[in-house]
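This report concerns only the one structure given below.
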Amino acid sequence: QLQLVESGGALVQPGGSLRLSCAASGFSLGYYAIGWFRQAPGKEREGVSCISSSTGSTYYADSVKGRFTISSDNTKNTVYLQINTLRPEDTAIYYCAARRSILPVQKICSSSRWYDSWGQGTQVTVSS
């Protein structure tokens with residue numbers, strides 16, 4: 001059974017960094033695209049980044065370019081999201097999602113409708 005488990009969320013001060021993990025089980029990450037999304041209270045879910053674990057291609061939303069870095073370790077079946085220079089507006093629940101695809105990712109990977117499976121999320125709170 002395909003399962004995604006996020007971890008690494010925490011309470012951090014503005015300017016700090018976090019690395020979120022999305023551990024996959026029940027499938028081989030190398031045949032999937034993984035997306036990271038976030039949802040703040042009262043706001044819609046936003047796609048922030050995605051990666052093709054097959055090609056290594058990546059996509060970033062304009063709002064996070066330069067601060068977020070997505071990576072995939074297929075040997076550990078885990079995708080990471082490094083977040084630097086955290087801001088209060090980054091406060092949200094962060095989710096990862098999977099879709100079977102070996103093609104390079106494109107902008108569509110930032111749409112939640114593109115994905116088949118989701119994790120439960122991990123809370124990131126940025127506050128002093």
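Following the order of the structure tokens, chains are lettered A, B, ..., residues in each are numbered from 1, and ligands are numbered from 1.
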
> Which polymer residues have any atom within 12 Å of an atom of range 103-108 of chain A, counting only C-alpha atoms, with same-chain residues fewer than 3 positions away left out, as JSON, numbers by chain?
Replying inline: {"A": [30, 31, 32, 33, 34, 35, 47, 48, 49, 50, 51, 52, 53, 54, 55, 56, 57, 58, 59, 60, 61, 62, 99, 100, 111, 112, 113, 114, 115]}

> Near Gly8 in chain A, counting only C-alpha atoms, which residues have an atom at most 12 Å away, once you skip same-chain residues fewer than 4 positions from it, shown as number ranges by chain?
Replying inline: A: 12, 17-23, 79-83, 93-95, 121-125

Write the residues you've just listed into a file as a short mmCIF file (atom, residue, chain, number, x, y, z; two decimals), in the first residue's frame, and include N, CA, C and O atoms for each of them.
```cif
data_model
loop_
_atom_site.label_atom_id
_atom_site.label_comp_id
_atom_site.auth_asym_id
_atom_site.auth_seq_id
_atom_site.Cartn_x
_atom_site.Cartn_y
_atom_site.Cartn_z
N VAL A 12 9.82 27.51 14.69
CA VAL A 12 11.13 28.13 14.49
C VAL A 12 10.98 29.64 14.46
O VAL A 12 9.90 30.16 14.15
N SER A 17 15.90 27.88 9.67
CA SER A 17 15.81 26.90 8.59
C SER A 17 15.19 25.60 9.10
O SER A 17 15.26 25.30 10.30
N LEU A 18 14.61 24.87 8.17
CA LEU A 18 14.07 23.55 8.46
C LEU A 18 14.29 22.66 7.26
O LEU A 18 14.35 23.15 6.13
N ARG A 19 14.38 21.36 7.54
CA ARG A 19 14.36 20.40 6.46
C ARG A 19 13.20 19.43 6.71
O ARG A 19 13.19 18.71 7.71
N LEU A 20 12.26 19.45 5.81
CA LEU A 20 11.12 18.54 5.88
C LEU A 20 11.44 17.27 5.10
O LEU A 20 12.13 17.32 4.08
N SER A 21 10.91 16.17 5.59
CA SER A 21 11.10 14.88 4.92
C SER A 21 9.76 14.29 4.53
O SER A 21 8.78 14.44 5.25
N CYS A 22 9.76 13.61 3.41
CA CYS A 22 8.59 12.87 2.94
C CYS A 22 9.06 11.45 2.66
O CYS A 22 9.70 11.20 1.64
N ALA A 23 8.76 10.56 3.58
CA ALA A 23 9.20 9.17 3.44
C ALA A 23 8.13 8.35 2.75
O ALA A 23 6.97 8.35 3.17
N VAL A 79 11.94 12.15 -0.06
CA VAL A 79 12.09 13.46 -0.68
C VAL A 79 12.19 14.50 0.43
O VAL A 79 11.48 14.39 1.43
N TYR A 80 13.06 15.46 0.23
CA TYR A 80 13.29 16.49 1.24
C TYR A 80 12.89 17.87 0.70
O TYR A 80 12.94 18.12 -0.51
N LEU A 81 12.52 18.73 1.62
CA LEU A 81 12.28 20.13 1.29
C LEU A 81 13.06 20.96 2.30
O LEU A 81 12.71 21.01 3.48
N GLN A 82 14.13 21.57 1.82
CA GLN A 82 14.94 22.46 2.65
C GLN A 82 14.35 23.86 2.57
O GLN A 82 14.16 24.38 1.47
N ILE A 83 14.05 24.43 3.72
CA ILE A 83 13.46 25.77 3.76
C ILE A 83 14.40 26.67 4.54
O ILE A 83 14.67 26.43 5.72
N ILE A 93 0.57 23.98 7.37
CA ILE A 93 0.78 22.54 7.35
C ILE A 93 1.35 22.20 5.99
O ILE A 93 0.80 22.62 4.96
N TYR A 94 2.44 21.47 5.99
CA TYR A 94 3.11 21.09 4.75
C TYR A 94 2.81 19.62 4.45
O TYR A 94 2.98 18.76 5.31
N TYR A 95 2.38 19.39 3.23
CA TYR A 95 2.01 18.06 2.78
C TYR A 95 2.88 17.64 1.60
O TYR A 95 3.28 18.48 0.78
N GLY A 121 0.65 15.37 6.57
CA GLY A 121 1.11 16.73 6.81
C GLY A 121 1.98 16.87 8.05
O GLY A 121 1.94 16.04 8.96
N THR A 122 2.76 17.95 8.05
CA THR A 122 3.59 18.30 9.19
C THR A 122 3.50 19.80 9.39
O THR A 122 3.54 20.57 8.42
N GLN A 123 3.37 20.23 10.65
CA GLN A 123 3.13 21.64 10.95
C GLN A 123 4.44 22.41 11.02
O GLN A 123 5.37 22.01 11.74
N VAL A 124 4.47 23.52 10.30
CA VAL A 124 5.58 24.47 10.39
C VAL A 124 5.03 25.78 10.92
O VAL A 124 4.10 26.33 10.33
N THR A 125 5.60 26.25 12.01
CA THR A 125 5.18 27.52 12.59
C THR A 125 6.40 28.41 12.73
O THR A 125 7.41 28.01 13.31
#
```

> For Cys109 in chain A, which residue among A:Glu46, A:Glu6, A:Asp73, A:Glu89 is the nearest when counting only C-alpha atoms?
Replying inline: A:Glu46

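The shortest atom-to-atom distance to Cys96 in chain A, with only C-alpha atoms taken into account, belongs to A:Ser117 out of A:Ser128, A:Lys76, A:Thr69, A:Ser117.
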
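Our summary of the geometry notes that CA of Thr78 in chain A is positioned 12.6 Å from CA of Gly119 in chain A.
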
>> Using DSSP assignments from the backbone, pull out every residue in range 17-110 of chain A that falls under strand (DSSP E or B) and give it to me as a PyMOL selection string.
In response: chain A and resi 18-25+32-39+46-52+58-60+68-73+78-83+92-100

Can you write out the residues you just picked, keeping N, CA and C atoms, as a short mmCIF file (atom, residue, chain, number, x, y, z; two decimals), in the first residue's frame?
```cif
data_model
loop_
_atom_site.label_atom_id
_atom_site.label_comp_id
_atom_site.auth_asym_id
_atom_site.auth_seq_id
_atom_site.Cartn_x
_atom_site.Cartn_y
_atom_site.Cartn_z
N LEU A 18 14.61 24.87 8.17
CA LEU A 18 14.07 23.55 8.46
C LEU A 18 14.29 22.66 7.26
N ARG A 19 14.38 21.36 7.54
CA ARG A 19 14.36 20.40 6.46
C ARG A 19 13.20 19.43 6.71
N LEU A 20 12.26 19.45 5.81
CA LEU A 20 11.12 18.54 5.88
C LEU A 20 11.44 17.27 5.10
N SER A 21 10.91 16.17 5.59
CA SER A 21 11.10 14.88 4.92
C SER A 21 9.76 14.29 4.53
N CYS A 22 9.76 13.61 3.41
CA CYS A 22 8.59 12.87 2.94
C CYS A 22 9.06 11.45 2.66
N ALA A 23 8.76 10.56 3.58
CA ALA A 23 9.20 9.17 3.44
C ALA A 23 8.13 8.35 2.75
N ALA A 24 8.51 7.69 1.67
CA ALA A 24 7.57 6.90 0.89
C ALA A 24 7.73 5.41 1.19
N SER A 25 6.64 4.71 1.24
CA SER A 25 6.67 3.26 1.41
C SER A 25 5.59 2.63 0.56
N TYR A 32 8.09 8.01 -9.61
CA TYR A 32 7.07 8.96 -9.20
C TYR A 32 7.57 10.40 -9.19
N ALA A 33 6.63 11.30 -9.35
CA ALA A 33 6.85 12.71 -9.08
C ALA A 33 6.28 13.00 -7.70
N ILE A 34 7.00 13.80 -6.94
CA ILE A 34 6.57 14.17 -5.59
C ILE A 34 6.43 15.68 -5.51
N GLY A 35 5.33 16.10 -4.95
CA GLY A 35 5.09 17.53 -4.77
C GLY A 35 4.98 17.89 -3.29
N TRP A 36 5.40 19.09 -2.98
CA TRP A 36 5.20 19.63 -1.64
C TRP A 36 4.17 20.75 -1.74
N PHE A 37 3.23 20.71 -0.82
CA PHE A 37 2.18 21.71 -0.75
C PHE A 37 2.12 22.27 0.67
N ARG A 38 1.50 23.41 0.81
CA ARG A 38 1.27 23.95 2.14
C ARG A 38 -0.11 24.58 2.21
N GLN A 39 -0.65 24.55 3.39
CA GLN A 39 -1.97 25.15 3.60
C GLN A 39 -1.98 25.87 4.94
N GLU A 46 -1.51 25.38 -1.38
CA GLU A 46 -0.61 25.98 -2.37
C GLU A 46 0.51 25.01 -2.70
N GLY A 47 0.73 24.77 -3.98
CA GLY A 47 1.86 23.96 -4.41
C GLY A 47 3.12 24.79 -4.37
N VAL A 48 4.13 24.32 -3.64
CA VAL A 48 5.35 25.12 -3.52
C VAL A 48 6.51 24.54 -4.32
N SER A 49 6.57 23.22 -4.47
CA SER A 49 7.69 22.64 -5.19
C SER A 49 7.38 21.20 -5.56
N CYS A 50 8.02 20.71 -6.61
CA CYS A 50 7.87 19.31 -6.98
C CYS A 50 9.13 18.82 -7.67
N ILE A 51 9.27 17.50 -7.68
CA ILE A 51 10.46 16.89 -8.26
C ILE A 51 10.09 15.59 -8.95
N SER A 52 10.74 15.36 -10.05
CA SER A 52 10.65 14.06 -10.70
C SER A 52 11.79 13.21 -10.15
N THR A 58 13.00 19.75 -11.40
CA THR A 58 12.30 20.37 -10.29
C THR A 58 11.48 21.56 -10.75
N TYR A 59 10.54 21.91 -9.90
CA TYR A 59 9.72 23.09 -10.14
C TYR A 59 9.54 23.79 -8.80
N TYR A 60 9.54 25.13 -8.84
CA TYR A 60 9.30 25.93 -7.65
C TYR A 60 8.28 27.02 -7.95
N PHE A 68 13.58 27.77 -0.97
CA PHE A 68 13.22 26.37 -0.84
C PHE A 68 14.05 25.54 -1.82
N THR A 69 14.47 24.38 -1.36
CA THR A 69 15.19 23.45 -2.23
C THR A 69 14.61 22.06 -2.03
N ILE A 70 14.18 21.45 -3.13
CA ILE A 70 13.64 20.09 -3.08
C ILE A 70 14.69 19.12 -3.59
N SER A 71 14.75 17.96 -2.96
CA SER A 71 15.70 16.94 -3.39
C SER A 71 15.12 15.56 -3.11
N SER A 72 15.67 14.58 -3.80
CA SER A 72 15.18 13.22 -3.67
C SER A 72 16.33 12.27 -3.44
N ASP A 73 16.21 11.41 -2.45
CA ASP A 73 17.18 10.35 -2.22
C ASP A 73 16.47 9.04 -2.47
N THR A 78 13.02 8.77 -0.03
CA THR A 78 12.62 9.97 0.71
C THR A 78 12.89 11.22 -0.12
N VAL A 79 11.94 12.15 -0.06
CA VAL A 79 12.09 13.46 -0.68
C VAL A 79 12.19 14.50 0.43
N TYR A 80 13.06 15.46 0.23
CA TYR A 80 13.29 16.49 1.24
C TYR A 80 12.89 17.87 0.70
N LEU A 81 12.52 18.73 1.62
CA LEU A 81 12.28 20.13 1.29
C LEU A 81 13.06 20.96 2.30
N GLN A 82 14.13 21.57 1.82
CA GLN A 82 14.94 22.46 2.65
C GLN A 82 14.35 23.86 2.57
N ILE A 83 14.05 24.43 3.72
CA ILE A 83 13.46 25.77 3.76
C ILE A 83 14.40 26.67 4.54
N ALA A 92 2.33 27.07 8.09
CA ALA A 92 1.31 26.27 7.41
C ALA A 92 1.53 24.79 7.75
N ILE A 93 0.57 23.98 7.37
CA ILE A 93 0.78 22.54 7.35
C ILE A 93 1.35 22.20 5.99
N TYR A 94 2.44 21.47 5.99
CA TYR A 94 3.11 21.09 4.75
C TYR A 94 2.81 19.62 4.45
N TYR A 95 2.38 19.39 3.23
CA TYR A 95 2.01 18.06 2.78
C TYR A 95 2.88 17.64 1.60
N CYS A 96 3.14 16.34 1.49
CA CYS A 96 3.72 15.84 0.25
C CYS A 96 2.70 14.95 -0.45
N ALA A 97 2.86 14.85 -1.75
CA ALA A 97 1.93 14.08 -2.57
C ALA A 97 2.70 13.37 -3.67
N ALA A 98 2.12 12.29 -4.17
CA ALA A 98 2.80 11.48 -5.18
C ALA A 98 1.91 11.21 -6.38
N ARG A 99 2.57 11.15 -7.54
CA ARG A 99 1.90 10.75 -8.77
C ARG A 99 2.89 9.93 -9.58
N ARG A 100 2.43 8.78 -10.11
CA ARG A 100 3.31 7.95 -10.91
C ARG A 100 3.61 8.67 -12.22
#
```

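Put simply, CA of Ser7 in chain A is 23.7 Å away from CA of Ser101 in chain A.
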